[in-house]
Amino acid sequence: MTDVVVSVDVAVPAGTAWLALTDWERQGEWMLGTEVKVVEGNGRSVGSKLSAFTGVAGIGFTDTMEITSWEPPLRCVVRHLGKIVQGTGVFQVIEKGPHSSTFVWAEHLRPPFGVVGRLGWPVAKPGFELGLRLCLRRFVKYAEGYRVG
């Protein structure tokens, strides 16, 4: 398993950051090349399942996830169920004050492709982290302009 943890400060209350973060169907507005759908349950409870396609022009992969912990407005944990992405993802919102919060995104992943994946991960990890950091920059703009509905 390998861990990647990134975070960003957002100039919105924790509740707003949480609502923006867990608006699954709109995650594509800030997640690079990703479209997320709720495929089972309501998307706001343990046992709900999400499907995230990441790619360009139909070429990519689908990451199926199950919500294993739902603690609004603080923490959501998902278990990655796919063949390529396996492990656990954690979205956490930390209140910093009445008008600010921190979004922490942690991934505890098992690299795909067995030994080849484990050996290649040190080379791939910096690019993966860069992608997450770009998503976080986009999230700040998205969350600071977020409106429900």
# chains A, B, ... in the order shown; residues from 1 in each chain; ligands from 1

$ select_by_dssp --residues "chain A" --states "helix (DSSP H, G or I)" --output "VMD selection string"
chain A and resid 14 to 21 24 to 29 114 to 144

$ write_last_selection --atoms "N, CA and C atoms" --output "compact mmCIF listing (two decimals), in the first residue's frame"
# COMPACT_ATOMS: atom_id res chain seq x y z
N ALA A 14 -16.82 25.23 6.67
CA ALA A 14 -16.67 23.79 6.51
C ALA A 14 -17.92 23.17 5.88
N GLY A 15 -19.09 23.63 6.28
CA GLY A 15 -20.33 23.07 5.72
C GLY A 15 -20.45 23.28 4.23
N THR A 16 -20.04 24.44 3.75
CA THR A 16 -20.08 24.72 2.31
C THR A 16 -19.05 23.87 1.58
N ALA A 17 -17.85 23.75 2.14
CA ALA A 17 -16.82 22.91 1.53
C ALA A 17 -17.31 21.46 1.44
N TRP A 18 -17.96 20.99 2.50
CA TRP A 18 -18.49 19.62 2.52
C TRP A 18 -19.53 19.42 1.43
N LEU A 19 -20.47 20.35 1.32
CA LEU A 19 -21.52 20.22 0.30
C LEU A 19 -20.92 20.24 -1.10
N ALA A 20 -19.94 21.11 -1.33
CA ALA A 20 -19.29 21.18 -2.64
C ALA A 20 -18.54 19.88 -2.92
N LEU A 21 -17.84 19.38 -1.94
CA LEU A 21 -17.03 18.19 -2.08
C LEU A 21 -17.87 16.95 -2.37
N TRP A 24 -21.42 14.78 -5.75
CA TRP A 24 -20.73 13.81 -6.61
C TRP A 24 -20.92 14.09 -8.10
N GLU A 25 -22.14 14.37 -8.49
CA GLU A 25 -22.45 14.54 -9.92
C GLU A 25 -21.74 15.76 -10.51
N ARG A 26 -21.28 16.67 -9.66
CA ARG A 26 -20.58 17.88 -10.15
C ARG A 26 -19.07 17.82 -9.93
N GLN A 27 -18.55 16.70 -9.45
CA GLN A 27 -17.11 16.61 -9.19
C GLN A 27 -16.28 16.83 -10.45
N GLY A 28 -16.84 16.53 -11.59
CA GLY A 28 -16.13 16.76 -12.84
C GLY A 28 -15.79 18.22 -13.08
N GLU A 29 -16.45 19.13 -12.35
CA GLU A 29 -16.16 20.55 -12.49
C GLU A 29 -14.81 20.92 -11.88
N GLY A 114 0.39 -5.69 -10.06
CA GLY A 114 1.30 -6.54 -9.29
C GLY A 114 2.68 -5.95 -9.08
N VAL A 115 3.70 -6.78 -9.31
CA VAL A 115 5.09 -6.38 -9.08
C VAL A 115 5.46 -5.19 -9.97
N VAL A 116 4.99 -5.21 -11.22
CA VAL A 116 5.30 -4.11 -12.15
C VAL A 116 4.77 -2.79 -11.58
N GLY A 117 3.55 -2.81 -11.06
CA GLY A 117 2.98 -1.60 -10.47
C GLY A 117 3.74 -1.13 -9.24
N ARG A 118 4.13 -2.07 -8.39
CA ARG A 118 4.89 -1.70 -7.18
C ARG A 118 6.25 -1.10 -7.54
N LEU A 119 6.90 -1.68 -8.55
CA LEU A 119 8.20 -1.17 -8.96
C LEU A 119 8.08 0.18 -9.68
N GLY A 120 6.98 0.37 -10.41
CA GLY A 120 6.78 1.60 -11.16
C GLY A 120 6.19 2.75 -10.36
N TRP A 121 5.63 2.44 -9.19
CA TRP A 121 4.95 3.48 -8.40
C TRP A 121 5.85 4.66 -8.04
N PRO A 122 7.12 4.43 -7.64
CA PRO A 122 7.97 5.59 -7.33
C PRO A 122 8.12 6.56 -8.51
N VAL A 123 8.01 6.07 -9.72
CA VAL A 123 8.10 6.93 -10.89
C VAL A 123 6.75 7.61 -11.15
N ALA A 124 5.65 6.87 -10.95
CA ALA A 124 4.31 7.40 -11.24
C ALA A 124 3.78 8.31 -10.14
N LYS A 125 4.21 8.10 -8.90
CA LYS A 125 3.65 8.83 -7.75
C LYS A 125 3.74 10.35 -7.89
N PRO A 126 4.88 10.94 -8.29
CA PRO A 126 4.92 12.40 -8.41
C PRO A 126 3.87 12.96 -9.39
N GLY A 127 3.64 12.26 -10.49
CA GLY A 127 2.62 12.70 -11.44
C GLY A 127 1.22 12.58 -10.86
N PHE A 128 0.98 11.51 -10.11
CA PHE A 128 -0.31 11.32 -9.45
C PHE A 128 -0.55 12.45 -8.45
N GLU A 129 0.46 12.75 -7.63
CA GLU A 129 0.33 13.83 -6.65
C GLU A 129 0.11 15.18 -7.33
N LEU A 130 0.81 15.42 -8.42
CA LEU A 130 0.62 16.66 -9.17
C LEU A 130 -0.82 16.78 -9.65
N GLY A 131 -1.37 15.70 -10.16
CA GLY A 131 -2.77 15.70 -10.60
C GLY A 131 -3.71 16.03 -9.47
N LEU A 132 -3.48 15.45 -8.28
CA LEU A 132 -4.33 15.74 -7.13
C LEU A 132 -4.22 17.21 -6.73
N ARG A 133 -3.00 17.74 -6.76
CA ARG A 133 -2.81 19.16 -6.40
C ARG A 133 -3.51 20.09 -7.39
N LEU A 134 -3.48 19.74 -8.67
CA LEU A 134 -4.22 20.54 -9.67
C LEU A 134 -5.72 20.48 -9.39
N CYS A 135 -6.21 19.31 -9.04
CA CYS A 135 -7.62 19.18 -8.68
C CYS A 135 -7.96 20.06 -7.48
N LEU A 136 -7.07 20.10 -6.49
CA LEU A 136 -7.33 20.92 -5.30
C LEU A 136 -7.39 22.40 -5.65
N ARG A 137 -6.51 22.85 -6.54
CA ARG A 137 -6.57 24.26 -6.97
C ARG A 137 -7.91 24.56 -7.63
N ARG A 138 -8.35 23.64 -8.45
CA ARG A 138 -9.65 23.81 -9.10
C ARG A 138 -10.79 23.75 -8.07
N PHE A 139 -10.62 22.90 -7.05
CA PHE A 139 -11.64 22.79 -6.01
C PHE A 139 -11.84 24.11 -5.28
N VAL A 140 -10.74 24.82 -5.00
CA VAL A 140 -10.84 26.10 -4.29
C VAL A 140 -11.77 27.04 -5.06
N LYS A 141 -11.55 27.20 -6.35
CA LYS A 141 -12.40 28.09 -7.16
C LYS A 141 -13.84 27.59 -7.19
N TYR A 142 -13.99 26.29 -7.35
CA TYR A 142 -15.32 25.68 -7.39
C TYR A 142 -16.06 25.90 -6.07
N ALA A 143 -15.41 25.56 -4.95
CA ALA A 143 -16.07 25.66 -3.64
C ALA A 143 -16.38 27.12 -3.27
N GLU A 144 -15.49 28.04 -3.62
CA GLU A 144 -15.71 29.44 -3.27
C GLU A 144 -16.84 30.07 -4.08

$ closest_atom_pairs --of "stretch 21-68 of chain A" --to "stretch 81-85 of chain A" --cutoff "7 Å" --atoms "only C-alpha atoms" --output "tab-separated table"
residue	atom	partner	partner_atom	distance
A:Asp63	CA	A:Gly82	CA	5.6
A:Thr64	CA	A:Leu81	CA	5.4
A:Met65	CA	A:Leu81	CA	5.5

$ closest_atom_pairs --of "stretch 22-90 of chain A" --to "stretch 95-106 of chain A" --cutoff "12 Å" --atoms "only C-alpha atoms" --output "Markdown table"
| residue | atom | partner | partner_atom | distance |
| --- | --- | --- | --- | --- |
| A:Thr22 | CA | A:Phe103 | CA | 11.7 |
| A:Pro73 | CA | A:Glu95 | CA | 9.4 |
| A:Leu74 | CA | A:Glu95 | CA | 8.4 |
| A:Arg75 | CA | A:Val104 | CA | 9.4 |
| A:Cys76 | CA | A:Trp105 | CA | 10.0 |
| A:Val77 | CA | A:Ala106 | CA | 9.4 |
| A:Val78 | CA | A:Ala106 | CA | 10.6 |
| A:Gly87 | CA | A:Ala106 | CA | 10.8 |
| A:Thr88 | CA | A:Ala106 | CA | 8.3 |
| A:Gly89 | CA | A:Ala106 | CA | 5.8 |
| A:Val90 | CA | A:Ala106 | CA | 5.1 |
